[in-house]
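Dropping work29.txt in here (compact mmCIF, C-alpha atoms):
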# COMPACT_ATOMS: atom_id res chain seq x y z
CA LYS A 1 115.36 11.09 95.95
CA GLN A 2 112.95 13.99 96.22
CA LEU A 3 109.23 13.99 95.52
CA VAL A 4 107.13 16.97 94.47
CA LEU A 5 103.51 16.30 95.27
CA ALA A 6 100.95 18.50 93.51
CA ALA A 7 97.45 17.66 94.65
CA GLY A 8 94.29 19.35 95.83
CA GLY A 9 92.83 19.08 99.30
CA VAL A 10 91.52 15.58 98.51
CA GLY A 11 95.14 14.43 98.50
CA ARG A 12 95.14 14.49 102.29
CA SER A 13 92.72 11.60 102.51
CA LEU A 14 94.37 9.71 99.65
CA LEU A 15 97.75 9.92 101.35
CA ASN A 16 96.35 9.58 104.87
CA LEU A 17 97.85 12.94 105.87
CA GLN A 18 96.51 14.67 108.96
CA GLY A 19 95.21 18.20 108.53
CA GLY A 20 95.77 20.73 111.29
CA ALA A 21 93.10 22.46 113.32
CA LYS A 22 90.63 24.39 111.20
CA GLU A 23 90.80 28.15 111.36
CA LYS A 24 87.95 29.89 113.15
CA ALA A 25 85.20 30.35 110.60
CA ALA A 26 81.44 30.35 110.32
CA ARG A 27 80.09 27.00 109.18
CA ARG A 28 79.42 27.43 105.47
CA TYR A 29 78.79 25.31 102.42
CA GLY A 30 78.57 25.98 98.74
CA PHE A 31 78.40 24.77 95.17
CA VAL A 32 79.51 25.78 91.68
CA ALA A 33 77.42 25.87 88.51
CA TRP A 34 78.19 26.65 84.87
CA ILE A 35 75.54 28.35 82.75
CA LYS A 36 75.62 28.53 78.96
CA GLY A 37 74.16 31.60 77.28
CA VAL A 38 74.81 34.68 75.18
CA TRP A 39 76.40 38.00 76.11
CA ARG A 40 74.39 40.89 74.69
CA GLN A 41 77.34 43.16 75.45
CA ASP A 42 81.00 42.77 76.43
CA PRO A 43 81.42 40.73 79.65
CA PRO A 44 82.35 42.82 82.72
CA ARG A 45 86.09 43.22 83.28
CA LEU A 46 85.65 43.02 87.05
CA ILE A 47 84.15 39.87 88.60
CA PRO A 48 80.77 40.74 90.18
CA ILE A 49 80.46 39.64 93.82
CA VAL A 50 77.02 39.89 95.41
CA GLN A 51 76.83 39.57 99.18
CA SER A 52 73.67 39.34 101.24
CA ASP A 53 72.71 38.01 104.65
CA GLY A 54 73.54 34.33 104.63
CA TYR A 55 75.02 33.94 101.16
CA GLU A 56 77.52 35.20 98.59
CA LEU A 57 77.39 34.90 94.79
CA VAL A 58 80.45 35.23 92.56
CA LEU A 59 79.80 35.45 88.81
CA THR A 60 82.86 34.76 86.65
CA PRO A 61 82.74 34.92 82.81
CA GLU A 62 84.74 32.03 81.36
CA ARG A 63 85.04 30.96 77.73
CA ASP A 64 82.65 32.37 75.14
CA GLY A 65 79.07 31.97 76.27
CA VAL A 66 79.79 30.34 79.65
CA LEU A 67 79.26 31.91 83.06
CA ASN A 68 80.62 30.36 86.26
CA ILE A 69 78.46 30.83 89.36
CA SER A 70 80.07 30.19 92.74
CA VAL A 71 77.81 30.17 95.79
CA GLN A 72 78.82 30.27 99.46
CA ILE A 73 76.07 29.83 102.01
CA SER A 74 76.04 30.20 105.80
CA THR A 75 73.55 27.44 106.46
CA SER A 76 73.25 23.65 106.63
CA ILE A 77 74.20 21.28 103.84
CA ARG A 78 70.55 20.20 103.58
CA SER A 79 69.50 23.79 102.93
CA VAL A 80 72.11 24.06 100.18
CA ARG A 81 70.72 21.01 98.38
CA ARG A 82 67.12 22.09 98.85
CA GLU A 83 67.54 25.72 97.84
CA ARG A 84 70.33 25.72 95.27
CA GLU A 85 67.88 26.16 92.39
CA TRP A 86 66.82 29.40 94.04
CA TYR A 87 70.43 30.61 94.24
CA ILE A 88 71.04 29.72 90.58
CA ALA A 89 67.89 31.61 89.59
CA ARG A 90 69.03 34.59 91.67
CA ALA A 91 72.42 34.53 89.95
CA GLN A 92 70.73 34.39 86.55
CA GLU A 93 68.65 37.45 87.46
CA ILE A 94 71.84 39.33 88.30
CA SER A 95 73.56 38.11 85.12
CA GLU A 96 70.67 39.53 83.08
CA THR A 97 71.45 43.00 84.44
CA LEU A 98 75.05 42.46 83.28
CA GLY A 99 73.95 41.64 79.75
CA PHE A 100 74.05 37.82 79.89
CA SER A 101 71.07 35.81 78.65
CA ALA A 102 71.15 32.33 80.18
CA GLU A 103 70.07 29.39 78.01
CA SER A 104 70.94 26.19 79.88
CA GLN A 105 72.84 24.77 82.84
CA ILE A 106 75.72 22.62 81.64
CA GLU A 107 77.30 21.47 84.93
CA LEU A 108 76.86 21.63 88.69
CA ARG A 109 79.26 20.52 91.41
CA GLY A 110 78.72 20.43 95.14
CA VAL A 111 81.33 21.75 97.54
CA PRO A 112 81.97 20.25 101.01
CA GLU A 113 82.08 22.36 104.12
CA ILE A 114 84.05 25.56 103.49
CA SER A 115 86.94 26.07 105.87
CA ALA A 116 90.57 27.08 106.10
CA SER A 117 93.15 24.63 107.43
CA ARG A 118 96.82 23.71 107.38
CA LEU A 119 98.59 20.38 107.15
CA ALA A 120 99.59 19.34 110.67
CA HIS A 121 102.64 17.33 109.65
CA VAL A 122 104.53 17.23 106.35
CA PRO A 123 106.28 13.88 105.74
CA ASN A 124 109.97 14.09 105.02
CA LEU A 125 110.98 14.54 101.36
CA ILE A 126 107.44 15.40 100.24
CA PHE A 127 106.79 18.86 98.79
CA PRO A 128 103.03 19.45 99.12
CA ILE A 129 101.73 22.53 97.34
CA GLY A 130 98.43 24.38 97.03
CA ASP A 131 95.41 23.15 99.00
CA LEU A 132 97.25 20.01 100.04
CA ILE A 133 99.50 21.89 102.45
CA GLU A 134 97.17 24.81 103.25
CA ARG A 135 93.58 25.56 102.32
CA PHE A 136 92.55 29.22 102.37
CA ASP A 137 89.00 30.40 102.88
CA PRO A 138 87.68 31.15 99.37
CA ILE A 139 86.20 34.47 100.51
CA GLY A 140 89.70 35.93 100.46
CA GLY A 141 90.56 34.66 96.99
CA MET A 142 94.02 33.57 98.15
CA GLY A 143 93.81 29.89 97.19
CA MET A 144 95.00 30.22 93.60
CA THR A 145 97.65 32.77 94.58
CA HIS A 146 99.00 30.34 97.16
CA ALA A 147 98.90 27.42 94.71
CA VAL A 148 101.09 29.29 92.21
CA PHE A 149 103.38 30.69 94.90
CA SER A 150 103.94 27.35 96.66
CA ALA A 151 104.60 25.60 93.33
CA ALA A 152 107.16 28.28 92.41
CA GLU A 153 108.88 27.90 95.78
CA ALA A 154 109.04 24.11 95.43
CA ALA A 155 110.53 24.43 91.94
CA ARG A 156 113.01 27.03 93.17
CA ALA A 157 114.17 24.86 96.06
CA ILE A 158 114.74 21.82 93.85
CA SER A 159 116.49 23.98 91.24
CA GLN A 160 118.86 25.26 93.93
CA ALA A 161 119.83 21.67 94.75
CA LEU A 162 120.18 20.60 91.11
CA HIS A 163 122.59 23.48 90.45
CA GLY A 164 124.65 22.70 93.52
CA ARG A 165 123.72 25.90 95.38
CA LEU A 166 121.96 24.05 98.19
CA PRO A 167 122.72 20.69 99.85
CA VAL A 168 120.09 18.07 99.02
CA SER A 169 119.62 17.41 102.73
CA LEU A 170 118.35 20.99 103.22
CA VAL A 171 116.05 21.33 100.20
CA TRP A 172 112.90 20.09 101.94
CA GLN A 173 113.20 22.34 105.00
CA TYR A 174 114.25 25.25 102.80
CA TYR A 175 111.01 24.97 100.82
CA LEU A 176 108.79 24.70 103.90
CA GLU A 177 110.34 27.77 105.55
CA ARG A 178 110.09 29.97 102.44
CA ARG A 179 106.51 28.92 101.73
CA GLU A 180 105.54 29.71 105.31
CA ARG A 181 106.99 33.23 105.12
CA GLY A 182 104.91 34.08 102.07
CA ALA A 183 101.79 32.34 103.39
CA ARG A 184 101.73 34.61 106.45
CA TYR A 185 100.85 37.60 104.27
CA LEU A 186 98.17 35.62 102.45
CA ARG A 187 96.63 34.64 105.80
CA MET A 188 96.50 38.28 106.87
CA SER A 189 94.74 39.27 103.66
CA SER A 190 92.36 36.32 103.87
CA TRP A 191 91.57 37.09 107.53
CA MET A 192 90.75 40.70 106.71
CA SER A 193 88.41 39.69 103.91
CA PHE A 194 86.72 37.04 106.06
CA SER A 195 86.35 39.42 109.00
CA LEU A 196 84.78 42.14 106.86
CA ASN A 197 82.55 40.07 104.59
CA VAL A 198 81.60 36.94 106.57
CA ALA A 199 82.11 37.55 110.28
CA ARG A 200 81.33 41.24 109.72
CA ILE A 201 83.21 42.39 112.81
CA PRO A 202 81.73 45.80 113.71
CA PHE A 203 85.06 47.29 114.79
CA LEU A 204 86.76 46.48 111.46
CA GLN A 205 83.80 47.60 109.38
CA SER A 206 83.71 50.90 111.25
CA PHE A 207 87.48 51.29 110.87
CA VAL A 208 87.31 50.82 107.09
CA ARG A 209 84.46 53.31 106.74
CA ARG A 210 85.99 55.98 108.98
CA ALA A 211 89.66 55.59 108.03
CA PRO A 212 89.72 54.42 104.40
CA LYS A 213 93.22 55.79 103.75
CA LEU A 214 94.68 53.96 106.74
CA SER A 215 92.94 50.71 105.81
CA TYR A 216 94.23 51.09 102.24
CA GLN A 217 97.77 51.54 103.57
CA ALA A 218 97.37 48.37 105.64
CA GLN A 219 96.30 46.50 102.52
CA ARG A 220 99.29 47.88 100.58
CA PHE A 221 101.61 46.73 103.38
CA ILE A 222 100.28 43.18 103.14
CA LYS A 223 100.49 43.14 99.34
CA GLY A 224 103.97 44.67 99.43
CA GLY A 225 105.23 42.07 101.89
CA PHE A 226 103.93 39.19 99.82
CA GLY A 227 105.07 40.85 96.59
CA SER A 228 108.64 40.98 97.88
CA LYS A 229 108.57 37.23 98.56
CA VAL A 230 107.21 36.48 95.11
CA SER A 231 109.64 38.73 93.25
CA CYS A 232 112.56 37.24 95.17
CA CYS A 233 111.35 33.75 94.29
CA LEU A 234 110.93 34.55 90.58
CA GLU A 235 114.24 36.39 90.27
CA GLU A 236 116.19 33.52 91.74
For this file, produce the structure as C-alpha cells.
Amino acid sequence: KQLVLAAGGVGRSLLNLQGGAKEKAARRYGFVAWIKGVWRQDPPRLIPIVQSDGYELVLTPERDGVLNISVQISTSIRSVRREREWYIARAQEISETLGFSAESQIELRGVPEISASRLAHVPNLIFPIGDLIERFDPIGGMGMTHAVFSAAEAARAISQALHGRLPVSLVWQYYLERRERGARYLRMSSWMSFSLNVARIPFLQSFVRRAPKLSYQAQRFIKGGFGSKVSCCLEE
C-alpha cells in the first residue's frame, strides 16, 4: 500500500517527523492580515512589494473588496506583536496610493519564525509534498510553486505504478529523486532573492546593478532548468 501525505509544515509535529537543519537566514517573523474596503480603480495587476530596513510588506488583492497584507519583519516576536498595528496602518497608507480605501480589518493571523528547512528523513512509503517535505523562505515566492510541483510529481509516480510502467517497490524513491531535481532550481532562485532582498549581499547587489543582462541570463537559466522538469512531469 502507498500513502500520499498532503500537509503543511505543521504536519511535521503531528507526525513526529524530524526537520533538517534550517537554512542560513536572518531571524524574522511575520503576520498576515485581511482588510475589507473598496477599490476606487482597477486593482494593480502586479503585486506591490514594499521593502524597507527591517521589514517587507506584500499587498495582494484577493476577492472583490479584500486586500491581503503579508508582513515580514527582521526583529523579535515581541516587537511584531507590539508594533503590528503600525505595519497595518503603513500598508493601508500604501494601499490608498493604489486606489484602495480600507474600511475594516476582517482577519489577522500570526506567523511563527520565518525560515527555510528540509525534512531530514522521509519514512518509507510516505509521499510528503509542499511545506511538509521542504519549506522555502517566503521572500523567494517559491513555496506555492514547490507545493504544486511536488504534488504533480507524487501523482505522476503513483500513476506510473498503476499503469504498470514502474515497479511498486521503486515508486517512493522515484518520487523523492524527481522532486529533489526540481527543488534544486527553486532553491537557487530562492537563495538569490533572499541574498538580494534580505541579506543584501553587497557583491550580488553590485553585480545586478552593473551587469543586468548577465544577471537576467542567470535568472533565465534557473527558470529554464525548472521549466524543463515541470514540462516533463506534465507531459508524462
Quiz item: Any idea what the distance is between CA of Val66 in chain A and CA of Ile35 in chain A?
Solution: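 Between CA of Val66 in chain A and CA of Ile35 in chain A the gap works out to 5.6 Å.
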Practice problem: Using all atoms listed in the file, pick whichever of A:Arg63, A:Phe31, A:Ala154, A:Arg90 has the shortest atom-to-atom distance to Ile126 in chain A. | Solution: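 Closest to Ile126 in chain A, using all atoms listed in the file: A:Ala154.
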Quiz item: CA of Tyr185 in chain A and CA of Phe207 in chain A, how far apart in Å?
Solution: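 Going from CA of Phe207 in chain A over to CA of Tyr185 in chain A, I get 20.2 Å.
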Quiz item: When you draw a straight line from CA of Leu119 in chain A to CA of Ser159 in chain A, how long is it in Å?
Solution: 24.2 Å
